[in-house]
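Listing of target-v6.cif; format and content: mmCIF, C-alpha atoms.
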data_coords
#
loop_
_atom_site.group_PDB
_atom_site.id
_atom_site.type_symbol
_atom_site.label_atom_id
_atom_site.label_comp_id
_atom_site.auth_asym_id
_atom_site.auth_seq_id
_atom_site.Cartn_x
_atom_site.Cartn_y
_atom_site.Cartn_z
ATOM 1 C CA MET A 1 -6.192 -82.696 32.848
ATOM 2 C CA GLU A 2 -3.087 -80.531 32.480
ATOM 3 C CA LEU A 3 0.396 -81.819 31.736
ATOM 4 C CA PHE A 4 3.325 -79.418 31.857
ATOM 5 C CA THR A 5 6.874 -79.680 30.549
ATOM 6 C CA ILE A 6 9.979 -77.801 31.663
ATOM 7 C CA GLY A 7 13.674 -77.736 30.864
ATOM 8 C CA PHE A 8 16.141 -76.554 33.470
ATOM 9 C CA ALA A 9 18.842 -75.202 31.130
ATOM 10 C CA GLY A 10 19.110 -71.441 31.265
ATOM 11 C CA LYS A 11 17.162 -71.203 34.527
ATOM 12 C CA SER A 12 18.370 -70.350 37.995
ATOM 13 C CA ALA A 13 17.088 -72.460 40.871
ATOM 14 C CA GLU A 14 14.813 -69.575 41.837
ATOM 15 C CA GLU A 15 13.312 -69.324 38.341
ATOM 16 C CA PHE A 16 12.886 -73.086 38.102
ATOM 17 C CA PHE A 17 11.101 -73.644 41.420
ATOM 18 C CA THR A 18 9.044 -70.439 41.167
ATOM 19 C CA SER A 19 7.787 -71.480 37.718
ATOM 20 C CA LEU A 20 6.647 -74.855 39.022
ATOM 21 C CA VAL A 21 4.825 -73.316 41.985
ATOM 22 C CA LYS A 22 3.169 -70.564 39.910
ATOM 23 C CA ASN A 23 1.788 -73.176 37.530
ATOM 24 C CA GLY A 24 0.394 -75.379 40.295
ATOM 25 C CA VAL A 25 2.561 -78.395 39.461
ATOM 26 C CA ARG A 26 2.013 -81.230 41.949
ATOM 27 C CA LYS A 27 4.616 -83.696 40.632
ATOM 28 C CA VAL A 28 7.801 -83.500 38.558
ATOM 29 C CA ILE A 29 8.274 -86.503 36.296
ATOM 30 C CA ASP A 30 11.929 -86.774 35.336
ATOM 31 C CA VAL A 31 12.256 -88.085 31.775
ATOM 32 C CA ARG A 32 16.045 -87.741 31.542
ATOM 33 C CA LEU A 33 18.227 -90.737 30.777
ATOM 34 C CA ASN A 34 20.899 -89.380 33.133
ATOM 35 C CA ASN A 35 19.282 -87.714 36.132
ATOM 36 C CA VAL A 36 22.520 -87.183 38.031
ATOM 37 C CA SER A 37 23.651 -84.550 35.541
ATOM 38 C CA GLN A 38 26.055 -81.852 36.660
ATOM 39 C CA LEU A 39 24.534 -79.319 34.226
ATOM 40 C CA ALA A 40 22.585 -77.735 37.077
ATOM 41 C CA GLY A 41 23.384 -78.937 40.571
ATOM 42 C CA PHE A 42 19.852 -78.379 41.841
ATOM 43 C CA THR A 43 18.473 -80.889 39.307
ATOM 44 C CA LYS A 44 20.484 -83.937 40.353
ATOM 45 C CA LYS A 45 18.086 -86.772 41.257
ATOM 46 C CA ASN A 46 18.377 -86.893 45.055
ATOM 47 C CA ASP A 47 18.936 -83.147 45.455
ATOM 48 C CA LEU A 48 15.971 -82.387 43.221
ATOM 49 C CA ARG A 49 13.689 -84.725 45.174
ATOM 50 C CA TYR A 50 14.666 -82.917 48.396
ATOM 51 C CA PHE A 51 14.382 -79.381 46.991
ATOM 52 C CA LEU A 52 10.994 -80.039 45.390
ATOM 53 C CA LYS A 53 9.615 -81.438 48.640
ATOM 54 C CA VAL A 54 11.013 -78.761 50.966
ATOM 55 C CA ILE A 55 10.694 -75.669 48.765
ATOM 56 C CA ALA A 56 7.459 -76.414 46.966
ATOM 57 C CA ALA A 57 5.762 -79.536 48.406
ATOM 58 C CA ILE A 58 6.032 -81.118 44.939
ATOM 59 C CA GLU A 59 6.507 -84.865 44.419
ATOM 60 C CA TYR A 60 9.380 -86.215 42.326
ATOM 61 C CA GLU A 61 9.278 -89.348 40.203
ATOM 62 C CA PRO A 62 11.925 -90.507 37.746
ATOM 63 C CA VAL A 63 10.299 -92.280 34.782
ATOM 64 C CA PRO A 64 13.124 -93.644 32.601
ATOM 65 C CA LEU A 65 10.468 -95.379 30.498
ATOM 66 C CA LEU A 66 9.969 -91.976 28.810
ATOM 67 C CA ALA A 67 13.693 -91.266 28.354
ATOM 68 C CA ALA A 68 15.307 -91.383 24.939
ATOM 69 C CA THR A 69 18.127 -93.892 24.536
ATOM 70 C CA LYS A 70 21.765 -92.835 24.650
ATOM 71 C CA GLU A 71 22.135 -93.843 20.997
ATOM 72 C CA LEU A 72 19.217 -91.657 19.914
ATOM 73 C CA MET A 73 20.476 -88.659 21.877
ATOM 74 C CA GLU A 74 24.019 -89.025 20.557
ATOM 75 C CA GLY A 75 22.756 -89.531 17.011
ATOM 76 C CA PHE A 76 20.757 -86.309 17.050
ATOM 77 C CA ARG A 77 23.270 -84.188 18.949
ATOM 78 C CA GLY A 78 26.096 -85.483 16.777
ATOM 79 C CA GLY A 79 24.223 -84.688 13.567
ATOM 80 C CA LYS A 80 24.004 -88.318 12.450
ATOM 81 C CA ILE A 81 20.211 -88.230 12.394
ATOM 82 C CA SER A 82 17.782 -85.393 11.721
ATOM 83 C CA TRP A 83 15.141 -84.196 14.177
ATOM 84 C CA GLU A 84 12.505 -85.938 12.066
ATOM 85 C CA GLU A 85 14.425 -89.230 12.310
ATOM 86 C CA PHE A 86 14.883 -88.754 16.057
ATOM 87 C CA GLU A 87 11.170 -88.070 16.487
ATOM 88 C CA ALA A 88 10.105 -91.164 14.540
ATOM 89 C CA ALA A 89 12.579 -93.404 16.376
ATOM 90 C CA TYR A 90 11.572 -92.017 19.783
ATOM 91 C CA LEU A 91 7.856 -92.531 19.132
ATOM 92 C CA ASP A 92 8.594 -96.092 17.967
ATOM 93 C CA LEU A 93 10.548 -96.606 21.194
ATOM 94 C CA LEU A 94 7.529 -95.587 23.292
ATOM 95 C CA GLU A 95 5.425 -98.181 21.471
ATOM 96 C CA GLU A 96 8.123 -100.874 21.833
ATOM 97 C CA ARG A 97 8.349 -100.198 25.560
ATOM 98 C CA GLN A 98 4.553 -100.575 25.843
ATOM 99 C CA VAL A 99 4.432 -97.333 27.808
ATOM 100 C CA LEU A 100 0.640 -97.181 27.909
ATOM 101 C CA THR A 101 0.429 -100.488 29.779
ATOM 102 C CA LYS A 102 2.814 -99.207 32.467
ATOM 103 C CA LEU A 103 1.578 -95.660 33.122
ATOM 104 C CA LYS A 104 -1.748 -94.261 34.359
ATOM 105 C CA PRO A 105 -3.240 -90.994 33.066
ATOM 106 C CA GLU A 106 -4.261 -89.864 36.557
ATOM 107 C CA ASP A 107 -0.588 -89.865 37.614
ATOM 108 C CA PHE A 108 0.077 -87.166 35.025
ATOM 109 C CA ASP A 109 -2.581 -84.632 36.019
ATOM 110 C CA ARG A 110 -0.816 -81.388 37.017
ATOM 111 C CA ALA A 111 2.495 -83.189 36.557
ATOM 112 C CA CYS A 112 5.474 -81.702 34.743
ATOM 113 C CA LEU A 113 7.844 -83.624 32.475
ATOM 114 C CA LEU A 114 11.423 -82.541 33.202
ATOM 115 C CA CYS A 115 14.384 -82.571 30.853
ATOM 116 C CA SER A 116 17.448 -80.412 30.395
ATOM 117 C CA GLU A 117 16.700 -78.681 27.081
ATOM 118 C CA GLU A 118 15.786 -75.028 27.556
ATOM 119 C CA LYS A 119 13.011 -75.068 24.940
ATOM 120 C CA PRO A 120 10.645 -77.910 24.059
ATOM 121 C CA ASP A 121 11.008 -77.605 20.267
ATOM 122 C CA HIS A 122 13.728 -80.237 19.884
ATOM 123 C CA CYS A 123 13.289 -82.128 23.140
ATOM 124 C CA HIS A 124 11.785 -85.547 23.740
ATOM 125 C CA ARG A 125 9.735 -84.200 26.678
ATOM 126 C CA ARG A 126 7.522 -82.397 24.158
ATOM 127 C CA LEU A 127 7.227 -85.541 22.064
ATOM 128 C CA ALA A 128 6.323 -87.605 25.138
ATOM 129 C CA ALA A 129 3.712 -85.076 26.278
ATOM 130 C CA GLU A 130 2.095 -84.831 22.843
ATOM 131 C CA TRP A 131 2.157 -88.619 22.423
ATOM 132 C CA LEU A 132 0.475 -89.158 25.805
ATOM 133 C CA LYS A 133 -2.121 -86.499 24.959
ATOM 134 C CA GLY A 134 -2.843 -88.235 21.656
ATOM 135 C CA LYS A 135 -3.196 -91.641 23.297
ATOM 136 C CA TRP A 136 -5.156 -90.630 26.395
ATOM 137 C CA GLY A 137 -7.064 -87.577 25.168
ATOM 138 C CA GLY A 138 -8.614 -84.984 27.462
ATOM 139 C CA MET A 139 -5.236 -83.487 28.244
ATOM 140 C CA GLU A 140 -3.856 -80.001 27.759
ATOM 141 C CA VAL A 141 -0.079 -79.731 27.345
ATOM 142 C CA ARG A 142 1.591 -76.539 28.554
ATOM 143 C CA HIS A 143 5.290 -75.793 28.205
ATOM 144 C CA ILE A 144 6.844 -73.760 31.017
ATOM 145 C CA LEU A 145 9.534 -71.586 29.454
#
Turn the structure described in the file into structure tokens.
Amino acid sequence: MELFTIGFAGKSAEEFFTSLVKNGVRKVIDVRLNNVSQLAGFTKKNDLRYFLKVIAAIEYEPVPLLAATKELMEGFRGGKISWEEFEAAYLDLLEERQVLTKLKPEDFDRACLLCSEEKPDHCHRRLAAEWLKGKWGGMEVRHIL
């Protein structure tokens, strides 16, 4: 099973959609807290669903269960908590939300976790992907840059 991650920051629409197609992504799983962001017009929830379907025949599914909370995001971005503190709190949040009882591994095969951060290093999409891999096993995580 392969699970991809991608961030849309720093990418044109052409780069974004081409990357998904080249990697054989079948579904984009949106893990953003705010999926109506103006950061990139092509990634707003309803527009993205349409573009993915028409341009690439890719499904779209928002999964707010995997989103970080507003407080966590603001704490890290505002420098109130370190990345290590963010990571620990986010992983605790996944456990508290009982994510594993609400998601199925087969829904994530050839899926791609979407967030805004350009690189996965300090993004919760990487944490979510690695956490799911650790819990489910048999999964390869690939970051589309």
Inset, instruction - Could you give me, as a ChimeraX atom specification, the residues within 9 Å of stretch 21-37 of chain A, counting only C-alpha atoms and dropping anything in the same chain fewer than 3 positions from it? - result: /A:3-5,16-18,40-41,43-46,49,52,56-70,107-116,124-125,128,144
Legend entry - Distance of atom CA of A:Met1 from atom CA of A:Arg97, expressed in Å to one decimal place: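 Computed distance, atom CA of A:Arg97 to atom CA of A:Met1, equals 23.9 Å.
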Inset, instruction - Provide the atom CA of A:His143 to atom CA of A:Ala129 distance in Å, to one decimal place. - result: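 About the pair atom CA of A:His143 and atom CA of A:Ala129: they are 9.6 Å apart.
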Inset, instruction - Figure out the distance between atom CA of A:Leu100 and atom CA of A:Leu132, please, to one decimal in Å. - result: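 Atom CA of A:Leu132 sits 8.3 Å away from atom CA of A:Leu100.
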Would you compute an axis-aligned box for stretch 110-123 of chain A, covering every atom listed for it in the file with 3 Å of margin on each side, and report centre and edge lengths in Å to one decimal as JSON?
{"center_x": 8.3, "center_y": -79.3, "center_z": 28.5, "size_x": 24.3, "size_y": 14.6, "size_z": 23.1}
